[in-house]
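Have a look at model-v3.txt; it's compact mmCIF, C-alpha atoms (C1' of nucleotides):
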# COMPACT_ATOMS: atom_id res chain seq x y z
CA MET A 1 0.00 0.00 0.00
CA ASN A 2 1.05 3.49 -0.90
CA SER A 3 2.28 5.58 2.02
CA GLU A 4 0.71 8.69 0.54
CA PHE A 5 -2.51 7.34 1.97
CA THR A 6 -0.92 7.37 5.43
CA ILE A 7 0.31 10.93 4.90
CA ALA A 8 -3.15 12.03 3.76
CA VAL A 9 -4.93 10.48 6.72
CA HIS A 10 -2.37 11.71 9.25
CA SER A 11 -2.44 15.25 7.87
CA LEU A 12 -6.22 15.47 7.98
CA VAL A 13 -6.44 13.97 11.45
CA TYR A 14 -3.86 16.49 12.59
CA LEU A 15 -5.81 19.37 11.05
CA ALA A 16 -9.02 18.06 12.63
CA TYR A 17 -7.23 17.90 15.97
CA ILE A 18 -5.79 21.39 16.17
CA PRO A 19 -8.24 24.09 17.31
CA ASP A 20 -8.21 26.38 14.27
CA ARG A 21 -7.96 23.50 11.79
CA MET A 22 -5.25 25.21 9.85
CA ALA A 23 -1.52 24.57 9.48
CA ASN A 24 1.20 25.06 6.90
CA SER A 25 3.24 22.30 5.27
CA ASP A 26 6.14 22.75 7.68
CA MET A 27 4.01 22.13 10.75
CA ILE A 28 2.23 19.16 9.17
CA ALA A 29 5.50 17.68 7.89
CA HIS A 30 6.96 17.92 11.36
CA ASN A 31 3.98 16.15 12.87
CA VAL A 32 3.87 13.46 10.17
CA ASN A 33 7.65 13.16 10.16
CA THR A 34 8.38 13.66 6.49
CA HIS A 35 9.50 16.41 4.17
CA PRO A 36 7.27 19.49 3.71
CA SER A 37 7.46 19.04 -0.04
CA ARG A 38 5.97 15.59 0.23
CA VAL A 39 3.15 16.91 2.36
CA ARG A 40 2.45 19.61 -0.19
CA LYS A 41 2.33 17.05 -2.97
CA VAL A 42 -0.22 14.90 -1.18
CA LEU A 43 -2.27 17.80 0.10
CA SER A 44 -2.40 19.58 -3.24
CA CYS A 45 -4.08 16.43 -4.49
CA LEU A 46 -6.58 16.51 -1.63
CA LYS A 47 -7.23 20.14 -2.37
CA LYS A 48 -8.13 19.28 -5.96
CA SER A 49 -10.60 16.75 -4.58
CA GLY A 50 -12.11 19.46 -2.43
CA TYR A 51 -11.12 18.25 1.02
CA LEU A 52 -8.91 21.22 1.79
CA ALA A 53 -8.73 24.90 1.16
CA THR A 54 -5.36 26.59 0.93
CA LYS A 55 -4.27 30.06 1.70
CA GLU A 56 -1.07 31.36 0.22
CA GLY A 57 1.07 34.16 1.58
CA ILE A 58 1.96 35.03 5.14
CA GLY A 59 0.04 33.10 7.77
CA GLY A 60 -1.36 30.79 5.11
CA GLY A 61 -1.53 27.03 4.95
CA TYR A 62 -4.03 24.22 4.64
CA LEU A 63 -7.49 24.48 6.07
CA LEU A 64 -9.89 21.63 6.65
CA ASN A 65 -12.81 21.98 4.26
CA PHE A 66 -15.13 19.29 5.64
CA GLN A 67 -16.68 17.84 8.77
CA PRO A 68 -14.38 15.09 10.11
CA GLU A 69 -17.44 12.87 10.59
CA ARG A 70 -18.29 13.01 6.91
CA VAL A 71 -15.10 11.98 5.17
CA THR A 72 -14.12 8.31 5.10
CA LEU A 73 -10.76 6.68 4.59
CA ALA A 74 -12.16 5.16 1.41
CA GLU A 75 -12.41 8.57 -0.20
CA LEU A 76 -8.83 9.35 0.74
CA TYR A 77 -7.65 6.01 -0.57
CA GLU A 78 -9.39 6.69 -3.86
CA ALA A 79 -7.93 10.18 -4.05
CA THR A 80 -4.35 9.26 -3.28
CA SER A 81 -3.62 5.58 -3.74
CA VAL A 82 -6.10 3.81 -5.95
CA GLY A 83 -4.54 0.73 -7.55
CA SER A 84 -1.74 0.54 -5.03
CA ILE A 85 -2.54 -2.95 -3.73
CA ILE A 86 -2.32 -4.37 -7.23
CA PRO A 87 1.17 -5.68 -7.89
CA SER A 88 3.00 -4.14 -10.82
CA TRP A 89 4.42 -7.51 -11.80
CA SER A 90 2.25 -9.90 -13.80
CA SER A 91 2.84 -13.53 -14.52
CA GLY A 92 2.37 -15.43 -17.79
CA SER A 93 2.99 -14.55 -21.38
CA THR A 94 1.05 -13.93 -24.53
CA ASP A 95 2.17 -17.27 -25.87
CA PRO A 96 -1.10 -18.80 -27.05
CA ALA A 97 0.12 -22.38 -26.62
CA CYS A 98 -1.11 -22.61 -23.02
CA ILE A 99 -4.36 -21.13 -21.77
CA VAL A 100 -2.93 -20.87 -18.25
CA ALA A 101 0.11 -18.88 -19.36
CA CYS A 102 -1.87 -16.52 -21.54
CA ASN A 103 -4.90 -15.96 -19.30
CA MET A 104 -3.54 -15.89 -15.76
CA ALA A 105 -2.56 -12.22 -15.89
CA LYS A 106 -6.10 -11.24 -16.82
CA VAL A 107 -7.65 -13.50 -14.18
CA MET A 108 -5.31 -12.31 -11.42
CA ASP A 109 -5.89 -8.72 -12.38
CA ARG A 110 -9.59 -9.25 -11.88
CA ILE A 111 -8.96 -10.88 -8.51
CA PHE A 112 -6.84 -7.94 -7.37
CA SER A 113 -9.36 -5.38 -8.61
CA ASP A 114 -12.13 -7.11 -6.70
CA ALA A 115 -9.91 -7.32 -3.63
CA GLU A 116 -9.35 -3.61 -3.85
CA ARG A 117 -13.09 -3.03 -4.05
CA GLN A 118 -13.46 -5.01 -0.83
CA LEU A 119 -10.74 -2.93 0.74
CA VAL A 120 -12.53 0.27 -0.21
CA LEU A 121 -15.76 -1.08 1.25
CA TYR A 122 -13.95 -1.67 4.51
CA LEU A 123 -12.35 1.79 4.48
CA GLU A 124 -15.78 3.33 4.04
CA GLN A 125 -16.59 2.30 7.59
CA THR A 126 -14.04 4.65 9.13
CA THR A 127 -14.10 8.44 9.10
CA ILE A 128 -11.42 10.97 9.97
CA ALA A 129 -13.36 11.65 13.17
CA ASP A 130 -13.18 7.95 14.04
CA VAL A 131 -9.43 7.93 13.54
CA LEU A 132 -9.03 11.01 15.72
CA GLN A 133 -11.16 9.32 18.36
CA ARG A 134 -8.90 6.27 18.29
CA VAL A 135 -5.85 8.48 18.59
CA ARG A 136 -7.36 10.08 21.67
CA GLU A 137 -8.18 6.69 23.17
CA SER A 138 -4.62 5.54 22.55
CA GLY A 139 -3.46 8.61 24.41
CA ILE A 140 -5.66 7.79 27.38
CA GLU A 141 -4.40 4.22 27.56
CA GLN A 142 -0.89 5.51 27.48
CA HIS A 143 -1.37 7.85 30.42
CA SER A 144 -3.37 5.43 32.54
CA ARG A 145 -0.55 2.93 32.70
CA MET B 1 0.92 -6.69 -2.79
CA ASN B 2 3.72 -9.18 -2.99
CA SER B 3 4.13 -10.86 -6.36
CA GLU B 4 5.13 -14.12 -4.68
CA PHE B 5 1.42 -14.57 -4.14
CA THR B 6 0.89 -14.33 -7.89
CA ILE B 7 3.68 -16.82 -8.51
CA ALA B 8 2.18 -19.22 -5.96
CA VAL B 9 -1.31 -19.05 -7.42
CA HIS B 10 -0.12 -19.30 -11.01
CA SER B 11 2.11 -22.29 -10.25
CA LEU B 12 -0.63 -24.19 -8.48
CA VAL B 13 -3.19 -23.42 -11.16
CA TYR B 14 -0.73 -24.63 -13.75
CA LEU B 15 -0.10 -27.85 -11.83
CA ALA B 16 -3.83 -28.37 -11.41
CA TYR B 17 -4.26 -27.84 -15.14
CA ILE B 18 -1.70 -30.30 -16.47
CA PRO B 19 -2.84 -33.93 -16.59
CA ASP B 20 -0.27 -35.56 -14.31
CA ARG B 21 -0.16 -32.57 -11.92
CA MET B 22 3.59 -32.59 -11.83
CA ALA B 23 6.23 -30.29 -13.29
CA ASN B 24 9.74 -29.15 -12.50
CA SER B 25 10.81 -25.60 -11.77
CA ASP B 26 11.95 -24.99 -15.34
CA MET B 27 8.57 -25.82 -16.81
CA ILE B 28 6.70 -23.80 -14.20
CA ALA B 29 9.06 -20.84 -14.54
CA HIS B 30 8.54 -20.84 -18.27
CA ASN B 31 4.77 -20.83 -17.84
CA VAL B 32 4.84 -18.16 -15.13
CA ASN B 33 7.50 -16.18 -16.97
CA THR B 34 10.10 -15.80 -14.28
CA HIS B 35 13.33 -17.45 -13.21
CA PRO B 36 13.30 -21.12 -12.08
CA SER B 37 15.11 -20.12 -8.91
CA ARG B 38 12.32 -17.77 -7.96
CA VAL B 39 9.77 -20.48 -8.54
CA ARG B 40 11.73 -22.85 -6.34
CA LYS B 41 11.86 -20.27 -3.56
CA VAL B 42 8.10 -19.77 -3.55
CA LEU B 43 7.27 -23.42 -4.00
CA SER B 44 9.64 -24.60 -1.31
CA CYS B 45 7.61 -22.42 1.00
CA LEU B 46 4.36 -24.01 -0.21
CA LYS B 47 5.90 -27.41 0.27
CA LYS B 48 6.63 -26.58 3.90
CA SER B 49 2.98 -25.64 4.29
CA GLY B 50 2.03 -29.03 2.84
CA TYR B 51 0.48 -27.93 -0.45
CA LEU B 52 3.07 -29.66 -2.60
CA ALA B 53 5.18 -32.75 -2.60
CA THR B 54 8.56 -32.67 -4.31
CA LYS B 55 10.54 -35.35 -5.95
CA GLU B 56 14.24 -34.87 -6.46
CA GLY B 57 16.37 -36.57 -9.06
CA ILE B 58 15.69 -37.37 -12.68
CA GLY B 59 12.08 -36.90 -13.70
CA GLY B 60 11.33 -35.13 -10.43
CA GLY B 61 9.60 -31.84 -9.72
CA TYR B 62 6.63 -30.47 -7.84
CA LEU B 63 3.47 -32.46 -7.37
CA LEU B 64 0.11 -31.11 -6.30
CA ASN B 65 -0.69 -32.43 -2.85
CA PHE B 66 -4.32 -31.29 -2.52
CA GLN B 67 -7.68 -31.12 -4.23
CA PRO B 68 -7.89 -27.82 -6.18
CA GLU B 69 -11.39 -27.31 -4.78
CA ARG B 70 -10.12 -27.33 -1.22
CA VAL B 71 -7.37 -24.75 -1.20
CA THR B 72 -8.28 -21.06 -1.15
CA LEU B 73 -6.28 -18.03 -2.20
CA ALA B 74 -6.41 -16.92 1.43
CA GLU B 75 -4.24 -19.84 2.49
CA LEU B 76 -1.71 -19.03 -0.20
CA TYR B 77 -1.71 -15.38 0.76
CA GLU B 78 -1.04 -16.33 4.36
CA ALA B 79 1.70 -18.74 3.34
CA THR B 80 3.56 -16.40 1.02
CA SER B 81 2.66 -12.77 1.53
CA VAL B 82 1.12 -12.03 4.89
CA GLY B 83 1.70 -8.40 5.87
CA SER B 84 2.42 -7.30 2.35
CA ILE B 85 -0.41 -4.77 2.08
CA ILE B 86 0.85 -2.94 5.16
CA PRO B 87 3.17 -0.12 4.14
CA SER B 88 6.70 -0.26 5.53
CA TRP B 89 6.70 3.47 6.09
CA SER B 90 5.03 4.86 9.23
CA SER B 91 4.16 8.42 10.03
CA GLY B 92 4.61 10.28 13.30
CA SER B 93 7.25 10.23 15.95
CA THR B 94 7.68 9.21 19.53
CA ASP B 95 7.69 12.85 20.55
CA PRO B 96 5.15 12.87 23.39
CA ALA B 97 4.22 16.52 22.90
CA CYS B 98 1.41 15.70 20.44
CA ILE B 99 -0.95 12.78 20.81
CA VAL B 100 -1.54 12.75 17.07
CA ALA B 101 2.17 12.51 16.25
CA CYS B 102 2.85 9.81 18.77
CA ASN B 103 -0.25 7.65 18.30
CA MET B 104 -0.98 7.76 14.57
CA ALA B 105 1.46 4.98 13.71
CA LYS B 106 -0.25 2.62 16.13
CA VAL B 107 -3.74 3.58 14.96
CA MET B 108 -2.85 3.24 11.27
CA ASP B 109 -1.16 -0.08 11.90
CA ARG B 110 -4.39 -1.35 13.39
CA ILE B 111 -6.36 -0.06 10.41
CA PHE B 112 -4.03 -1.83 7.99
CA SER B 113 -4.12 -5.07 9.97
CA ASP B 114 -7.91 -5.04 9.95
CA ALA B 115 -7.88 -4.25 6.24
CA GLU B 116 -5.67 -7.25 5.67
CA ARG B 117 -8.07 -9.42 7.62
CA GLN B 118 -10.86 -8.26 5.29
CA LEU B 119 -8.69 -9.07 2.32
CA VAL B 120 -8.09 -12.58 3.63
CA LEU B 121 -11.82 -13.02 4.16
CA TYR B 122 -12.35 -12.10 0.53
CA LEU B 123 -9.61 -14.43 -0.68
CA GLU B 124 -11.23 -17.29 1.23
CA GLN B 125 -14.06 -17.21 -1.28
CA THR B 126 -11.88 -18.33 -4.18
CA THR B 127 -10.19 -21.70 -4.61
CA ILE B 128 -7.49 -22.83 -7.01
CA ALA B 129 -10.22 -24.73 -8.88
CA ASP B 130 -12.20 -21.48 -9.24
CA VAL B 131 -9.18 -19.71 -10.69
CA LEU B 132 -8.58 -22.53 -13.14
CA GLN B 133 -12.23 -22.36 -14.12
CA ARG B 134 -11.92 -18.63 -14.81
CA VAL B 135 -8.81 -19.26 -16.87
CA ARG B 136 -10.74 -21.77 -18.95
CA GLU B 137 -13.62 -19.33 -19.39
CA SER B 138 -11.20 -16.63 -20.52
CA GLY B 139 -9.89 -19.08 -23.05
CA ILE B 140 -13.38 -19.76 -24.38
CA GLU B 141 -14.13 -16.06 -24.70
CA GLN B 142 -10.90 -15.62 -26.55
CA HIS B 143 -11.70 -18.29 -29.14
CA SER B 144 -15.33 -17.32 -29.63
CA ARG B 145 -14.44 -13.82 -30.82
C1' DT C 1 7.72 45.49 -2.10
C1' DA C 2 9.43 41.97 0.89
C1' DT C 3 7.97 37.85 2.96
C1' DA C 4 5.70 33.53 3.64
C1' DC C 5 3.22 30.58 1.70
C1' DT C 6 1.67 26.65 -2.10
C1' DG C 7 2.43 23.89 -6.39
C1' DT C 8 5.44 21.51 -9.05
C1' DT C 9 9.52 19.59 -11.11
C1' DA C 10 13.97 17.62 -10.97
C1' DT C 11 17.50 15.24 -8.69
C1' DT C 12 19.57 12.28 -5.43
C1' DA C 13 19.52 8.69 -1.93
C1' DT C 14 17.61 4.60 -0.15
C1' DA C 15 14.91 0.50 -0.05
C1' DT C 16 12.61 -3.12 -2.27
C1' DT C 17 11.89 -6.26 -5.84
C1' DT C 18 13.31 -9.21 -9.39
C1' DG C 19 16.69 -11.74 -12.01
C1' DT C 20 20.70 -14.52 -12.08
C1' DT C 21 24.43 -17.41 -10.72
C1' DA C 22 26.32 -20.85 -7.97
C1' DC C 23 26.53 -24.73 -5.39
C1' DA C 24 25.46 -28.17 -1.66
C1' DG C 25 22.31 -31.92 -0.92
C1' DT C 26 19.17 -35.62 -2.72
C1' DT C 27 17.30 -39.04 -5.65
C1' DG C 28 16.97 -42.47 -9.05
C1' DA C 29 18.53 -44.54 -13.52
C1' DG C 30 21.80 -47.13 -15.63
C1' DC D 1 28.68 -46.71 -7.74
C1' DT D 2 28.43 -42.90 -10.48
C1' DC D 3 26.27 -39.56 -13.18
C1' DA D 4 22.63 -36.60 -14.35
C1' DA D 5 18.56 -34.14 -12.99
C1' DC D 6 16.36 -32.41 -9.66
C1' DT D 7 15.33 -29.11 -5.17
C1' DG D 8 16.78 -25.74 -1.57
C1' DT D 9 19.22 -21.83 -0.44
C1' DA D 10 22.35 -18.13 -0.30
C1' DA D 11 24.72 -14.47 -2.46
C1' DC D 12 24.96 -11.01 -5.60
C1' DA D 13 23.56 -7.85 -9.45
C1' DA D 14 20.20 -5.25 -11.94
C1' DA D 15 16.04 -2.92 -12.23
C1' DT D 16 12.45 -0.48 -10.19
C1' DA D 17 9.95 2.01 -6.72
C1' DT D 18 9.90 5.00 -2.86
C1' DA D 19 11.30 8.81 -0.04
C1' DA D 20 14.05 12.90 0.86
C1' DT D 21 15.72 17.06 -0.69
C1' DA D 22 16.48 21.23 -3.33
C1' DA D 23 14.94 24.74 -6.24
C1' DC D 24 11.99 27.93 -7.99
C1' DA D 25 7.81 30.04 -10.24
C1' DG D 26 3.46 31.84 -8.78
C1' DT D 27 0.42 34.07 -5.32
C1' DA D 28 -1.35 36.44 -1.44
C1' DT D 29 -0.85 39.54 2.34
C1' DA D 30 1.19 42.49 5.69

Turn this file's structure into structure tokens for me.
Amino acid sequence: MNSEFTIAVHSLVYLAYIPDRMANSDMIAHNVNTHPSRVRKVLSCLKKSGYLATKEGIGGGYLLNFQPERVTLAELYEATSVGSIIPSWSSGSTDPACIVACNMAKVMDRIFSDAERQLVLYLEQTTIADVLQRVRESGIEQHSR
Amino acid sequence: MNSEFTIAVHSLVYLAYIPDRMANSDMIAHNVNTHPSRVRKVLSCLKKSGYLATKEGIGGGYLLNFQPERVTLAELYEATSVGSIIPSWSSGSTDPACIVACNMAKVMDRIFSDAERQLVLYLEQTTIADVLQRVRESGIEQHSR
DNA sequence: TATACTGTTATTATATTTGTTACAGTTGAG
DNA sequence: CTCAACTGTAACAAATATAATAACAGTATA
């Protein structure tokens, strides 16, 4: 799985967490632990999909453009990483002498596509608000020990 | 997703397809379109899990050790590629100043593990015999055009 | 007009995946 | 017994994918 999905989810959870729901790429990159440029790349994509507003110039940054309860991980997967569970390598050949050799790639591709559909169905069950909630619960566990 | 899973499935479908259900790594590698050594690596793993018998020496090779109707893709995924949909990269840091930064990795890891469980559930629905059937149907489509 | 941002591209570094070679160990035929 | 044909495995090389970094044009705002 593509780690841009992780960066997208983390960034949005972080924005949902902070009071004014706004931060620039430096702050997000520091929280996510990657390079600001990578954050900008992922978030510019989420902006195009309408999940974020941006403000350029002094004091600007990324601003959450949705209710955390209304955006699911499935949407973010589709926006950033669709196809990423399908392996780039395919078996078989176009040699028509063996139906296994020449049809396996097609059959496996179908299996992977369907698997991805199942994955998306599962990701639909979790919203950004849910993830933030889990983060908070993790924090509580941590302190109570 | 790991392509060893693809190699495993393709190899077993091929063995299930050929009449005597036996072939050596050269024949399988040629059908799969990879190196015999890679085939041996994957299949030695499947042998350990009991899906194959091997015969060394002249005329030897890999022999299907199960009914194609009784082995699911889930088992092969577990044998060859478990964990492969979980990204190696994790976000966040151990810096305790922000609960998002320090708990996201754990929360995401849980999400990916659950996603993998869903994937396995899906793969349980398909057997090697089903895949072979689909290969045969692809072949029919191909000829009827 | 200077400054602080985003958006984007290009480049480098690192990690992963795949291909290949090599060889020890095993089996069975002759 | 000996040779040839296998598997099993490790080591290495090549190719590819991923992540980090740098650079800079464009834009908004103080």

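Residues of chain C having any atom within 9 Å of chain B, counting all atoms listed in the file, are DT18, DG19, DT20, DT26, DT27, DG28 and DA29 of chain C.
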
What are the nearest atom pairs, with distances in Å to one decimal, for all residues of chain D that come at most 7 Å from chain A, using only C-alpha atoms (C1' of nucleotides), set out by chain and rising residue number as a Markdown table?
| residue | atom | partner | partner_atom | distance |
| --- | --- | --- | --- | --- |
| D:DA20 | C1' | A:His35 | CA | 6.6 |
| D:DT27 | C1' | A:Glu56 | CA | 6.3 |
| D:DA28 | C1' | A:Gly57 | CA | 4.5 |
| D:DT29 | C1' | A:Gly57 | CA | 5.8 |

Per-residue nearest contacts chain B to chain A, cut-off 9 Å, using all atoms listed in the file, as CSV:
residue,atom,partner,partner_atom,distance
B:Met1,CA,A:Ile85,CA,5.2
B:Asn2,CA,A:Pro87,CA,6.5
B:Ser3,CA,A:Pro87,CA,6.2
B:Thr6,CA,A:Ser91,CA,7.0
B:Ile7,CA,A:Ser91,CA,6.9
B:Val9,CA,A:Met108,CA,8.8
B:His10,CA,A:Met104,CA,6.8
B:Val13,CA,A:Val100,CA,7.5
B:Tyr14,CA,A:Val100,CA,6.3
B:Tyr17,CA,A:Val100,CA,7.7
B:His30,CA,A:Gly92,CA,8.2
B:Asn31,CA,A:Ala101,CA,5.3
B:Val32,CA,A:Gly92,CA,4.5
B:Asn33,CA,A:Gly92,CA,5.2
B:Thr34,CA,A:Ser91,CA,7.6
B:Ser84,CA,A:Met1,CA,8.0
B:Ile85,CA,A:Met1,CA,5.2
B:Ile86,CA,A:Met1,CA,6.0
B:Pro87,CA,A:Met1,CA,5.2
B:Ser88,CA,A:Ser3,CA,8.1
B:Trp89,CA,A:Ser3,CA,6.4
B:Ser90,CA,A:Thr6,CA,7.5
B:Ser91,CA,A:Val32,CA,5.1
B:Gly92,CA,A:Val32,CA,4.5
B:Ser93,CA,A:Asn33,CA,6.5
B:Cys98,CA,A:Asn31,CA,8.0
B:Ile99,CA,A:Gly139,CA,6.1
B:Val100,CA,A:Val135,CA,6.3
B:Ala101,CA,A:Asn31,CA,5.3
B:Cys102,CA,A:Gly139,CA,8.5
B:Asn103,CA,A:Val135,CA,5.7
B:Met104,CA,A:Val135,CA,6.4
B:Ala105,CA,A:His10,CA,8.9
B:Lys106,CA,A:Ser138,CA,8.3
B:Val107,CA,A:Val135,CA,6.5
B:Met108,CA,A:Thr6,CA,7.4
B:Ile111,CA,A:Leu123,CA,8.6
B:Asp114,CA,A:Tyr122,CA,8.8
B:Ala115,CA,A:Leu119,CA,6.3
B:Glu116,CA,A:Leu119,CA,8.3
B:Gln118,CA,A:Leu119,CA,7.0
B:Leu119,CA,A:Ala115,CA,6.3
B:Tyr122,CA,A:Ala115,CA,6.8
B:Leu123,CA,A:Ala115,CA,7.7
B:Val131,CA,A:Val107,CA,7.3
B:Leu132,CA,A:Val100,CA,7.8
B:Arg134,CA,A:Val107,CA,6.7
B:Val135,CA,A:Asn103,CA,5.7
B:Arg136,CA,A:Ile99,CA,7.0
B:Ser138,CA,A:Asn103,CA,6.5
B:Gly139,CA,A:Ile99,CA,6.0

So how far away is C1' of DA17 (chain D) from CA of Leu43 (chain B), in Å? 25.7 Å

If I take CA of Ser49 (chain B) and CA of Phe66 (chain B), how far is one from the other in Å, to one decimal?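 So the answer is 11.5 Å.
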
Just how far from CA of Asp26 (chain B) is C1' of DA24 (chain C), in Å to one decimal? 19.5 Å

Contacts of DC3 (chain D) within 10 Å, only C-alpha atoms (C1' of nucleotides), excl. fewer than 2 positions in-chain, as a PyMOL selection string: (chain C and resi 29-30) or (chain D and resi 1+5)

Expected axis-aligned box over every listed atom of region 4-9 of chain D, 5 Å added per side, centre plus edges in Å to one decimal, as lines of an AutoDock Vina configuration file:
center_x = 19.0
center_y = -29.2
center_z = -7.4
size_x = 17.3
size_y = 24.8
size_z = 23.9

Would you output region 70-112 of chain B from that structure, restricted to C-alpha atoms, as a PDB file, in the first residue's frame?
ATOM      1  CA  ARG B  70     -10.122 -27.335  -1.221  1.00  0.00           C
ATOM      2  CA  VAL B  71      -7.371 -24.748  -1.200  1.00  0.00           C
ATOM      3  CA  THR B  72      -8.281 -21.062  -1.151  1.00  0.00           C
ATOM      4  CA  LEU B  73      -6.283 -18.034  -2.205  1.00  0.00           C
ATOM      5  CA  ALA B  74      -6.414 -16.922   1.429  1.00  0.00           C
ATOM      6  CA  GLU B  75      -4.238 -19.837   2.494  1.00  0.00           C
ATOM      7  CA  LEU B  76      -1.710 -19.026  -0.203  1.00  0.00           C
ATOM      8  CA  TYR B  77      -1.710 -15.377   0.765  1.00  0.00           C
ATOM      9  CA  GLU B  78      -1.039 -16.328   4.362  1.00  0.00           C
ATOM     10  CA  ALA B  79       1.705 -18.744   3.343  1.00  0.00           C
ATOM     11  CA  THR B  80       3.557 -16.399   1.020  1.00  0.00           C
ATOM     12  CA  SER B  81       2.660 -12.768   1.533  1.00  0.00           C
ATOM     13  CA  VAL B  82       1.124 -12.034   4.890  1.00  0.00           C
ATOM     14  CA  GLY B  83       1.701  -8.405   5.871  1.00  0.00           C
ATOM     15  CA  SER B  84       2.415  -7.305   2.350  1.00  0.00           C
ATOM     16  CA  ILE B  85      -0.407  -4.767   2.085  1.00  0.00           C
ATOM     17  CA  ILE B  86       0.849  -2.943   5.160  1.00  0.00           C
ATOM     18  CA  PRO B  87       3.175  -0.117   4.135  1.00  0.00           C
ATOM     19  CA  SER B  88       6.700  -0.262   5.526  1.00  0.00           C
ATOM     20  CA  TRP B  89       6.703   3.470   6.091  1.00  0.00           C
ATOM     21  CA  SER B  90       5.026   4.857   9.226  1.00  0.00           C
ATOM     22  CA  SER B  91       4.164   8.424  10.027  1.00  0.00           C
ATOM     23  CA  GLY B  92       4.607  10.279  13.299  1.00  0.00           C
ATOM     24  CA  SER B  93       7.254  10.228  15.947  1.00  0.00           C
ATOM     25  CA  THR B  94       7.677   9.210  19.525  1.00  0.00           C
ATOM     26  CA  ASP B  95       7.685  12.853  20.553  1.00  0.00           C
ATOM     27  CA  PRO B  96       5.155  12.871  23.386  1.00  0.00           C
ATOM     28  CA  ALA B  97       4.223  16.517  22.901  1.00  0.00           C
ATOM     29  CA  CYS B  98       1.405  15.705  20.442  1.00  0.00           C
ATOM     30  CA  ILE B  99      -0.952  12.781  20.810  1.00  0.00           C
ATOM     31  CA  VAL B 100      -1.538  12.750  17.069  1.00  0.00           C
ATOM     32  CA  ALA B 101       2.172  12.510  16.245  1.00  0.00           C
ATOM     33  CA  CYS B 102       2.854   9.808  18.773  1.00  0.00           C
ATOM     34  CA  ASN B 103      -0.253   7.651  18.299  1.00  0.00           C
ATOM     35  CA  MET B 104      -0.984   7.756  14.570  1.00  0.00           C
ATOM     36  CA  ALA B 105       1.455   4.980  13.714  1.00  0.00           C
ATOM     37  CA  LYS B 106      -0.253   2.620  16.130  1.00  0.00           C
ATOM     38  CA  VAL B 107      -3.740   3.578  14.962  1.00  0.00           C
ATOM     39  CA  MET B 108      -2.846   3.245  11.269  1.00  0.00           C
ATOM     40  CA  ASP B 109      -1.162  -0.075  11.896  1.00  0.00           C
ATOM     41  CA  ARG B 110      -4.394  -1.349  13.393  1.00  0.00           C
ATOM     42  CA  ILE B 111      -6.363  -0.059  10.409  1.00  0.00           C
ATOM     43  CA  PHE B 112      -4.025  -1.835   7.989  1.00  0.00           C
TER      44      PHE B 112
END
